[in-house]
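What follows is a set of notes on a single structure, which appears directly below.
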Amino acid sequence: MDDTPNSQELFLFLASTAHDMKNSISVLSGTLERLLVDASPDTSAQAGSAYPQMAHMLYQTKRLNDNLMQLLALYKQVGKPAYPFDVQPLELGQLVEQVVAIGRVLLQSRGIRLELDYDPGLIWHLDEDLVVGVLSHAINNAIHYTGERVRLAIRETDGWLELRVEDDGPGYPAALLKAGSSATGSAARGTAGGVNFLTNSTGLGLYFSSEVAKMHRHRGRHGSLRLENGGQYGGGCFILRLP
Amino acid sequence: MSAAPPSSTPPVPVTPAKADQVDWAGKHYLVVDDFVGVRQLLRESLRSLGARNIDQASSGGEAMGLLARVRYDVVLCDYNLGEGKNGQQVLEEARVRNLVNPSTVWLMVSAEKSVESVMGAAEHQPDAYLIKPITEGVLLSRLNRVWHKKQVFRMIDQAYAEKDYLRAARLCDAQIEVSKVHELDLLRMKARLMEKSGQPTRAREVYERVLEQREYQWARAGLAKIRLANGEFEQARQAFQGVIAENRYYIDAYDQLALAYQNMGKLEEACAILERAAKLSPNAVLRQRNLGNIALKLDNLPMADKAFRKCVSIGEYSIMKTPDAYLGMARVCGRKSDPKEALQWLLLAQREFGQEHPDIQLRAKITEGLVYHESGDFRRARKAGDELEAMLNASGERPDIPTCLELATLLFAVGVKDAPVELLCYVIRNNHDNPLLLDEVQAIFDKARMQEEGVAMIRASKKEAADLMNQGVLLWKTGKLAEAVAWMRDARKSVPNNQRILFNAAQIMVSHLQQQGYDAALSGEAYEILAHVDYLLPGQQRFAQLMEQLAQLQPAADGSGAATAAPAPS
């Protein structure tokens with residue numbers, strides 16, 4: 001963001017448009033969640049395919065929301081001092097409670113079980129909004145590709161907090177594993193998800209997540225993002241490490 | 001809609017396990033958003049928590065109307081409300097006008113991560129910031145968290161509101177032991193309390209303890225502020241710049257950095273840094289005012305004009321609205337040799353602020369004199385001077401010290417003699433132990449070619465105040481407590497703004513209460529004196545100590561009252 005009058009004007013314009021779009025998305029996802037809760041799958045048996053279609057609409061709406069949020073964060077230069085980064089101490093219980101709350105209806109409507117493995121009393125210092133956003137996005141993504149369950153596991157090892165989102169799907173394709181590792185590499189910036197931006201938007205999510213990880217710094221160390229196949233269920237593993 | 005009774009705050013034990021016991025169904029809610037779809041959605045979410053009492057407002061103005069009539073337990077307010085007040089301005093006005101209880105949960109909602117949430121040190125912060133879209137589960141989770149934090153801070157906030165900062169600090173220590181998750185917030189509060197009780201060394205210890213855990217910019221900024229207060233301007237400058245380099249939105253650091261530059265005499269730099277801050281966060285009335293004032297000092301009229309105009313326009317929707325911007329505009333017009341428009345601004349100032357600012361007439365007249373004086377119209381400047389003299393003679397009230405000095409300088413400059421001398425003597429009598437200020441007063445005498453008269457006046461006025469005080473202390477030391485109290489009461493009448501005398505008056509009254517038993521009227525008088533001295537110069541150690549002693553003397557307080565002996569007045 002430079003400070004020329006034009007960029008200021010553009011920024012105000014973008015900000016007010018984003019505000020408006022967020023309102024629309026809020027209403028969309030809120031309404032869909034309500035409809036899905038009211039129409040549980042068995043009661044709407046005669047309604048035919050409406051239920052799974054609504055569930056898919058919710059998934060797409062969440063993707064839309066995540067992408068908008070990530071674009072906005074990138075525009076605000078996430079990863080640089082210009083971003084309003086806000087680290088606070090937080091109990092993992094509070095963190096997970098919100099991630100679960102955000103994913104609850106979509107998980108239910110797709111019949112997917114979310115398994116949790118964490119110490120609710122553990123306190124960590126992080127930017128709550130960013131990390132909740134990253135985890136929700138990862139879970140949303142996992143829901144799309146998994147078989148029947150998703151696992152969120154968080155533990156402390158050697159002064160790091162490791163947050164894993166695992167699924168039992170086919171795992172990440174080789175190209176993405178490569179992009180994922182380059183997104184976390186040092187020469188990442190320009191190339192990070194370059195290829196993936198063109199093919200689908202997964203690159204945006206990974207790039208964003210990796211920037212969020214790197215913003216978390218403590219005593220000369222900074223966070224990182226890693227993609228693997230395997231884990232507890234043998235599917236894709238999204239691994240965020242924070243100092 | 002009927003006015004609800006203030007919400008009761010049952011003493012819920014503070015444990016996260018009790019989270020689900022909060023009765024969210026019975027609370028009274030206000031939802032503020034300019035978008036009807038979002039209001040409906042939030043209302044539905046609240047209904048599924050069982051809520052029955054939900055009011056809605058579509059604008060800041062409408063929200064203020066409801067807040068003035070109803071005591072809400074929970075307010076969900078969007079930051080962006082279109083035309084008119086924004087969410088922050090609604091919050092500020094509601095808090096300043098006491099339209100919300102300390103127990104009221106205020107959640108600020110925005111479309112994206114708001115800059116306001118990380119600006120630091122904004123006086124009126126909501127309890128939490130929420131980003132859209134807000135699902136039911138997230139709402140409930142955040143409500144519960146805020147509620148429990150409020151329980152942890154309830155007693156502390158109460159002591160803080162009573163200005164018993166030392167008790168509040170002890171309560172912080174006690175809570176830190178039992179509530180690990182709030183440790184940092186409690187430490188931050190404790191540091192603030194130590195600053196407010198004039199103990200920067202202990203505040204510094206707290207900040208350093210925080211920084212041992214994590215690099216928190218508010219703790220860095222806290223350390224820098226202590227350096228600034230110590231007069232270590234260069235170190236403070238470096239530290240604030242470090243904070244800004246780490247977090248460009250930590251706006252409070254900009255304001256403090258500007259102060260450091262001002263103290264170093266670097267007005268250009270101070271002006272530039274405030275300009276940057278005003279770009280990042282343009283809607284703060286007081287920052288625009290400070291920017292205008294510095295620009296005026298630098299004779300940068302376009303910038304002063306812009307800042308004061310902005311200050312006026314955002315003030316329209318803000319409780320922070322200040323007459324300074326109007327007086328500043330008048331000065332700008334005067335410098336541009338447009339006294340006619342200057343007078344328009346002065347009229348406007350008197351019309352807008354006549355009620356809340358009883359001294360506005362005097363201040364407008366001073367500005368008028370300055371405007372004429374600066375534009376070279378000496379006849380009209382002298383006329384304003386004579387009118388000011390008449391106003392001073394008609395009223396025993398005197399403006400604050402900087403205004404007194406400005407006024408005396410102006411009066412001398414336009415050729416009035418008696419009124420400024422009287423004014424400067426008043427300043428000395430009320431600040432007889434402040435050598436820096438006495439030097440400033442002498443300089444004004446010197447400039448008016450009254451050097452010798454000045455020396456004599458200062459000596460006489462100093463002695464007058466010192467005698468008043470010494471006599472009271474002598475009575476007290478010889479055990480004539482009732483007479484000492486009576487003497488200090490009179491002394492206070494003749495020098496109403498002398499902090500040393502006010503502190504000693506309060507001290508002697510506390511002594512009287514301790515030795516002769518509690519007396520509600522005397523205790524009230526001591527509180528009144530301390531409130532006034534805190535208004536004159538906040539953050540003094542003696543204030544905190546006397547407030548604590550007085551609180552311990554209150555019969556309702558926890559048992560053992562007059563145990564501690566008061567130290568001698570000094």
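Chain identifiers are assigned as A, B, and so on, following the order in which chains appear in the structure tokens; residues are numbered from 1 within each chain, and ligands are numbered from 1 in order of appearance.
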Show me, as a PyMOL selection string, every residue of chain B with an atom at most 9 Å from chain A, counting only C-alpha atoms.
chain B and resi 35+37-38+40-41+45+80+110-119+130-139+141-142+145+180-184+214-216+244-250+279
Please provide as a VMD selection string all residues within 10 Å of region 226-236 of chain B, with the sequence filter that same-chain residues fewer than 5 positions apart are discarded (counting only C-alpha atoms).
chain B and resid 195 199 to 201 203 to 204 221 241 to 242 256 to 257 259 to 264
Shell around Gln60 (chain A) at 12 Å using only C-alpha atoms, local window under 5 positions removed, as a list in words
Ile25, Leu28, Ser29, Leu32, Gln53, Met54, Ala55, Asn65, Asp66, Asn67, Leu106, His137, Asn140, Asn141, Ile143 and His144 of chain A
For those residues, write N, CA and C atoms to a file as a PDB file, in the first residue's frame.
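The file below, part-v6.pdb, is the result:
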ATOM      1  N   ILE A  25     -22.368 -12.613   2.335  1.00  0.00           N
ATOM      2  CA  ILE A  25     -21.918 -13.975   2.627  1.00  0.00           C
ATOM      3  C   ILE A  25     -22.404 -14.424   4.005  1.00  0.00           C
ATOM      4  N   LEU A  28     -25.919 -15.443   3.569  1.00  0.00           N
ATOM      5  CA  LEU A  28     -25.972 -16.701   2.818  1.00  0.00           C
ATOM      6  C   LEU A  28     -25.637 -17.895   3.700  1.00  0.00           C
ATOM      7  N   SER A  29     -24.470 -17.840   4.358  1.00  0.00           N
ATOM      8  CA  SER A  29     -24.028 -19.012   5.117  1.00  0.00           C
ATOM      9  C   SER A  29     -24.908 -19.209   6.339  1.00  0.00           C
ATOM     10  N   LEU A  32     -28.167 -20.756   5.158  1.00  0.00           N
ATOM     11  CA  LEU A  32     -27.954 -22.159   4.778  1.00  0.00           C
ATOM     12  C   LEU A  32     -27.796 -23.046   6.008  1.00  0.00           C
ATOM     13  N   GLN A  53     -27.441 -31.069  -1.735  1.00  0.00           N
ATOM     14  CA  GLN A  53     -27.129 -29.877  -2.538  1.00  0.00           C
ATOM     15  C   GLN A  53     -26.929 -28.661  -1.656  1.00  0.00           C
ATOM     16  N   MET A  54     -27.766 -28.555  -0.623  1.00  0.00           N
ATOM     17  CA  MET A  54     -27.603 -27.431   0.304  1.00  0.00           C
ATOM     18  C   MET A  54     -26.262 -27.536   1.022  1.00  0.00           C
ATOM     19  N   ALA A  55     -25.912 -28.787   1.406  1.00  0.00           N
ATOM     20  CA  ALA A  55     -24.630 -28.994   2.086  1.00  0.00           C
ATOM     21  C   ALA A  55     -23.485 -28.544   1.179  1.00  0.00           C
ATOM     22  N   ASN A  65     -16.088 -17.340   1.307  1.00  0.00           N
ATOM     23  CA  ASN A  65     -15.757 -16.502   2.449  1.00  0.00           C
ATOM     24  C   ASN A  65     -14.267 -16.571   2.764  1.00  0.00           C
ATOM     25  N   ASP A  66     -13.719 -17.787   2.782  1.00  0.00           N
ATOM     26  CA  ASP A  66     -12.300 -17.948   3.092  1.00  0.00           C
ATOM     27  C   ASP A  66     -11.446 -17.209   2.065  1.00  0.00           C
ATOM     28  N   ASN A  67     -11.805 -17.370   0.776  1.00  0.00           N
ATOM     29  CA  ASN A  67     -11.019 -16.717  -0.262  1.00  0.00           C
ATOM     30  C   ASN A  67     -11.075 -15.199  -0.128  1.00  0.00           C
ATOM     31  N   LEU A 106     -21.568 -27.892   8.629  1.00  0.00           N
ATOM     32  CA  LEU A 106     -21.086 -28.502   7.390  1.00  0.00           C
ATOM     33  C   LEU A 106     -20.672 -29.950   7.635  1.00  0.00           C
ATOM     34  N   HIS A 137     -10.262 -23.163   7.407  1.00  0.00           N
ATOM     35  CA  HIS A 137     -10.069 -23.346   5.980  1.00  0.00           C
ATOM     36  C   HIS A 137      -9.515 -24.744   5.700  1.00  0.00           C
ATOM     37  N   ASN A 140     -12.298 -27.209   6.253  1.00  0.00           N
ATOM     38  CA  ASN A 140     -13.237 -27.098   5.138  1.00  0.00           C
ATOM     39  C   ASN A 140     -12.710 -27.864   3.924  1.00  0.00           C
ATOM     40  N   ASN A 141     -11.447 -27.680   3.685  1.00  0.00           N
ATOM     41  CA  ASN A 141     -10.793 -28.350   2.565  1.00  0.00           C
ATOM     42  C   ASN A 141     -10.781 -29.865   2.770  1.00  0.00           C
ATOM     43  N   ILE A 143     -12.811 -31.624   4.532  1.00  0.00           N
ATOM     44  CA  ILE A 143     -14.174 -32.149   4.419  1.00  0.00           C
ATOM     45  C   ILE A 143     -14.459 -32.532   2.963  1.00  0.00           C
ATOM     46  N   HIS A 144     -13.937 -31.726   2.059  1.00  0.00           N
ATOM     47  CA  HIS A 144     -14.205 -31.942   0.651  1.00  0.00           C
ATOM     48  C   HIS A 144     -13.505 -33.198   0.127  1.00  0.00           C
TER      49      HIS A 144
END
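All residues of protein, DNA or RNA that reach within 10 Å of Glu115 (chain A), judged by only C-alpha atoms and not counting those fewer than 3 positions away in the chain, are Ile112, Arg149, Val150, Arg151, Leu152, Ala153, Val165 and Glu166 of chain A.
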So that I can see what lies close to Ala138 (chain A), please list as JSON, numbers by chain the residues with an atom at most 10 Å from it, counting only C-alpha atoms and leaving out residues fewer than 4 positions away in the same chain.
{"A": [132, 133, 134, 142, 143, 152, 164, 165, 166, 205, 206, 209, 237, 238, 239]}
Separation of CA of Asp400 (chain B) and CA of Pro538 (chain B), in Å?
14.4 Å
